[in-house]
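Single-structure report; data block below.
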Amino acid sequence: MRKKKIVIALGHDALGTTLPEQKRATKKTARAVVDFIRDDYQVVISHSNGPQVGMIHTAMSEFCRIYPEYTPTPMSVCSAMSQGYIGYDLQNAIRTELLNRGIYKPVTTILTQVTVDPYDEAFYHPTKIIGRVMTEEESEAEEKKGNHVVQTQEGYRRIVAAPKPVDIVEIDAVRALLDADQVVIACGGGGIPVLAQENKLKGASAVIEKDSAAGKLADLIDAERLVILTGVEKVCLNFGQENEESLDEITISQAKKYIEEGQFEAGTMLPKIETAIEFIGNSAVRSVLITKLDPSGEGSVESAGTVIHK
């Protein structure tokens with residue numbers, strides 16, 4: 001009998017920000033992941049990388065500022081670095097938790113590239129703030145290079161596009177590892193955004209929304225469930241207001257209605273709901289669970305959260 005496939009999309013709370021936080025967070029997250037493995041799921045993990053890729057980009061930009069003879073590091077390379085940085089801690093934490101429970105199963109991190117459409121509207125309207133705070137003079141120099149800059153309360157910062165994922169370059173490798181019954185970590189930080197140019201792949205100056213990439217990953221491996229771990233236990237209506245209402249389950253049609261009502265904030269819950277709608281589509285089998293890790297540290301996610309289905 002075929003095992004059920006599940007994609008778990010880890011948010012910021014499941015990873016932390018600093019290196020010590022990440023070590024502690026991945027240990028806790030590993031318990032939740034191994035719970036699914038114990039229940040005989042085939043598990044693929046994707047994760048966010050916001051603080052980590054920002055740190056890497058800032059460090060590399062500062063290095064080039066001090067040593068101008070060095071070539072600046074493209075966003076795509078920073079994304080690749082963040083995949084290795086997070087994947088290293090995550091795969092080792094999961095491996096340790098598996099062995100502690102007497103389970104032998106290899107865990108592999110795949111450096112994953114995700115193709116995007118060069119004509120995606122997002123490239124004309126960049127929104128994702130990234131990197132260090134700059135002075136006005138530095139921001140002008142950045143714009144002369146063709147990059148986009150926005151003024152924030154702290155100063156000036158670079159912004160990049162967030163295009164939709166089109167395809168996952170290494171999807172056959174993910175499938176092969178699943179066929180070998182391995183735990184796979186892929187599409188970290190939404191994947192490394194690349195543009196397909198004949199037989200070449202060129203890094204794009206962009207970031208991909210990690211929930212969208214997780215949905216694409218779940219679709220391409222034909223997973224039955226997508227679990228999105230975030231900072232709240234359940235999806236809520238009227239979030240943060242006196243009449244806030246948490247939801248145990250919603251249908252696709254209800255989700256679309258709530259979007260039309262403006263119930264979900266852009267950049268937080270909205271992309272998660274949109275991903276759920278796209279992943280489930282017309283399937284009566286697929287479902288999405290949106291929740292957070294148990295704050296007690298037990299790691300279980302199966303008994304809480306909001307389930308979205310057809």
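Every chain in the structure tokens has a letter given in the order shown (A, B, ...), and although residue numbers restart at 1 in each chain, ligands are simply numbered from 1 in the order shown.
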
Which residues come within 12 Å of Lys234 (chain A), counting only C-alpha atoms, excluding same-chain residues fewer than 5 positions away, as a tab-separated table (two decimals) with C-alpha atoms, in the first residue's frame?
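And here's part-v2.tsv as it stands now:
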```
chain	number	residue	atom	x	y	z
A	228	ILE	CA	1.74	25.08	6.85
A	229	LEU	CA	3.29	25.91	10.21
A	239	PHE	CA	-8.13	38.81	13.38
A	244	GLU	CA	-12.20	37.46	16.43
A	245	GLU	CA	-13.38	33.99	15.46
A	246	SER	CA	-11.05	30.99	15.04
A	247	LEU	CA	-11.90	28.39	12.40
A	248	ASP	CA	-11.56	24.62	12.83
A	249	GLU	CA	-12.21	23.88	9.15
A	250	ILE	CA	-13.25	25.71	6.00
A	269	MET	CA	-2.28	34.72	6.12
A	272	LYS	CA	-1.27	30.69	2.84
A	273	ILE	CA	-4.99	30.65	1.98
A	289	LEU	CA	-3.62	22.16	7.65
A	290	ILE	CA	-2.60	25.62	8.91
A	291	THR	CA	-1.38	25.74	12.51
A	292	LYS	CA	1.60	26.32	14.80
A	293	LEU	CA	3.85	24.06	16.83
A	294	ASP	CA	2.61	23.28	20.33
A	301	VAL	CA	0.44	19.59	15.17
A	303	SER	CA	-4.66	17.77	16.93
A	304	ALA	CA	-4.95	21.53	16.33
A	305	GLY	CA	-5.17	24.09	13.57
A	306	THR	CA	-7.50	24.86	10.68
A	307	VAL	CA	-8.15	22.22	8.01
A	308	ILE	CA	-9.02	23.41	4.50
```

Residues of region 109-224 of chain A in helix (DSSP H, G or I) according to DSSP, as a PyMOL selection string? chain A and resi 121-124+136-144+171-179+188-190+210-220

Write out as a PyMOL selection string the residues lying within 7 Å of Ala218 (chain A), counting only C-alpha atoms and excluding same-chain residues fewer than 5 positions away. chain A and resi 7+223+226

Output file for the residues above (C-alpha atoms, as a CSV table (one decimal), in the first residue's frame):
```
chain,number,residue,atom,x,y,z
A,7,VAL,CA,4.7,18.4,2.6
A,223,ALA,CA,0.9,14.9,-1.9
A,226,LEU,CA,0.1,20.2,2.9
```

Need to verify the contact set: Lys210 (chain A), 8 Å, only C-alpha atoms, exclusion of same-chain residues closer than 5 positions in sequence. Can you return it as JSON, numbers by chain? {"A": [9, 46, 47, 48, 187, 188, 189, 190, 191]}

Filtering to C-alpha atoms, could you give me those residues as a PDB file, in the first residue's frame?
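Okay, this is what ended up in part-v6.pdb:
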```
ATOM      1  CA  ALA A   9       6.128  24.091   5.262  1.00  0.00           C
ATOM      2  CA  SER A  46      10.151  23.119   2.909  1.00  0.00           C
ATOM      3  CA  HIS A  47      10.975  26.151   5.025  1.00  0.00           C
ATOM      4  CA  SER A  48      11.146  29.920   5.212  1.00  0.00           C
ATOM      5  CA  CYS A 187      12.544  24.413  -1.816  1.00  0.00           C
ATOM      6  CA  GLY A 188      14.061  26.136   1.207  1.00  0.00           C
ATOM      7  CA  GLY A 189      13.119  29.814   1.331  1.00  0.00           C
ATOM      8  CA  GLY A 190      10.815  29.305  -1.632  1.00  0.00           C
ATOM      9  CA  GLY A 191      13.666  27.868  -3.676  1.00  0.00           C
TER      10      GLY A 191
END
```

Step one, run DSSP on the backbone; step two, keep only residues of region 131-184 of chain A assigned to strand (DSSP E); then write them as a PyMOL selection string. chain A and resi 131-134+148-151+156-160+165-168+183-184

From the set A:Leu98, A:Val235, A:Ala141, A:Ala162, which residue has the shortest atom-to-atom contact distance to Ala213 (chain A), counting only C-alpha atoms?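 Checking each of A:Leu98, A:Val235, A:Ala141, A:Ala162 against Ala213 (chain A), counting only C-alpha atoms, the winner is A:Ala162.
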
Identify, on the basis of only C-alpha atoms, every residue whose closest approach to region 196-203 of chain A does not exceed 12 Å; exclude the query and any residue fewer than 5 positions from it along the same chain; express the result as an MDAnalysis selection string. chainID A and resid 73:80 113:118 166:169 191

When distances are computed from only C-alpha atoms, which of A:Tyr119, A:Tyr85, A:Lys145, A:Val227 shows the smallest separation from Ala32 (chain A)? A:Val227

Please provide as number ranges by chain all residues within 9 Å of Met134 (chain A), with the sequence filter that same-chain residues fewer than 6 positions apart are discarded (counting only C-alpha atoms). A: 154-158

Output N, CA and C atoms for every residue in that selection, as a CSV table (one decimal), in the first residue's frame.
```
chain,number,residue,atom,x,y,z
A,154,GLU,N,13.8,53.0,9.3
A,154,GLU,CA,15.2,53.0,9.7
A,154,GLU,C,16.1,53.7,8.7
A,155,GLY,N,15.6,53.8,7.5
A,155,GLY,CA,16.5,54.4,6.4
A,155,GLY,C,16.0,53.8,5.1
A,156,TYR,N,17.0,53.6,4.2
A,156,TYR,CA,16.7,53.0,2.9
A,156,TYR,C,17.1,51.6,2.8
A,157,ARG,N,16.2,50.7,2.2
A,157,ARG,CA,16.5,49.3,2.0
A,157,ARG,C,16.1,48.9,0.6
A,158,ARG,N,16.8,47.8,0.2
A,158,ARG,CA,16.5,47.3,-1.1
A,158,ARG,C,15.2,46.5,-1.1
```
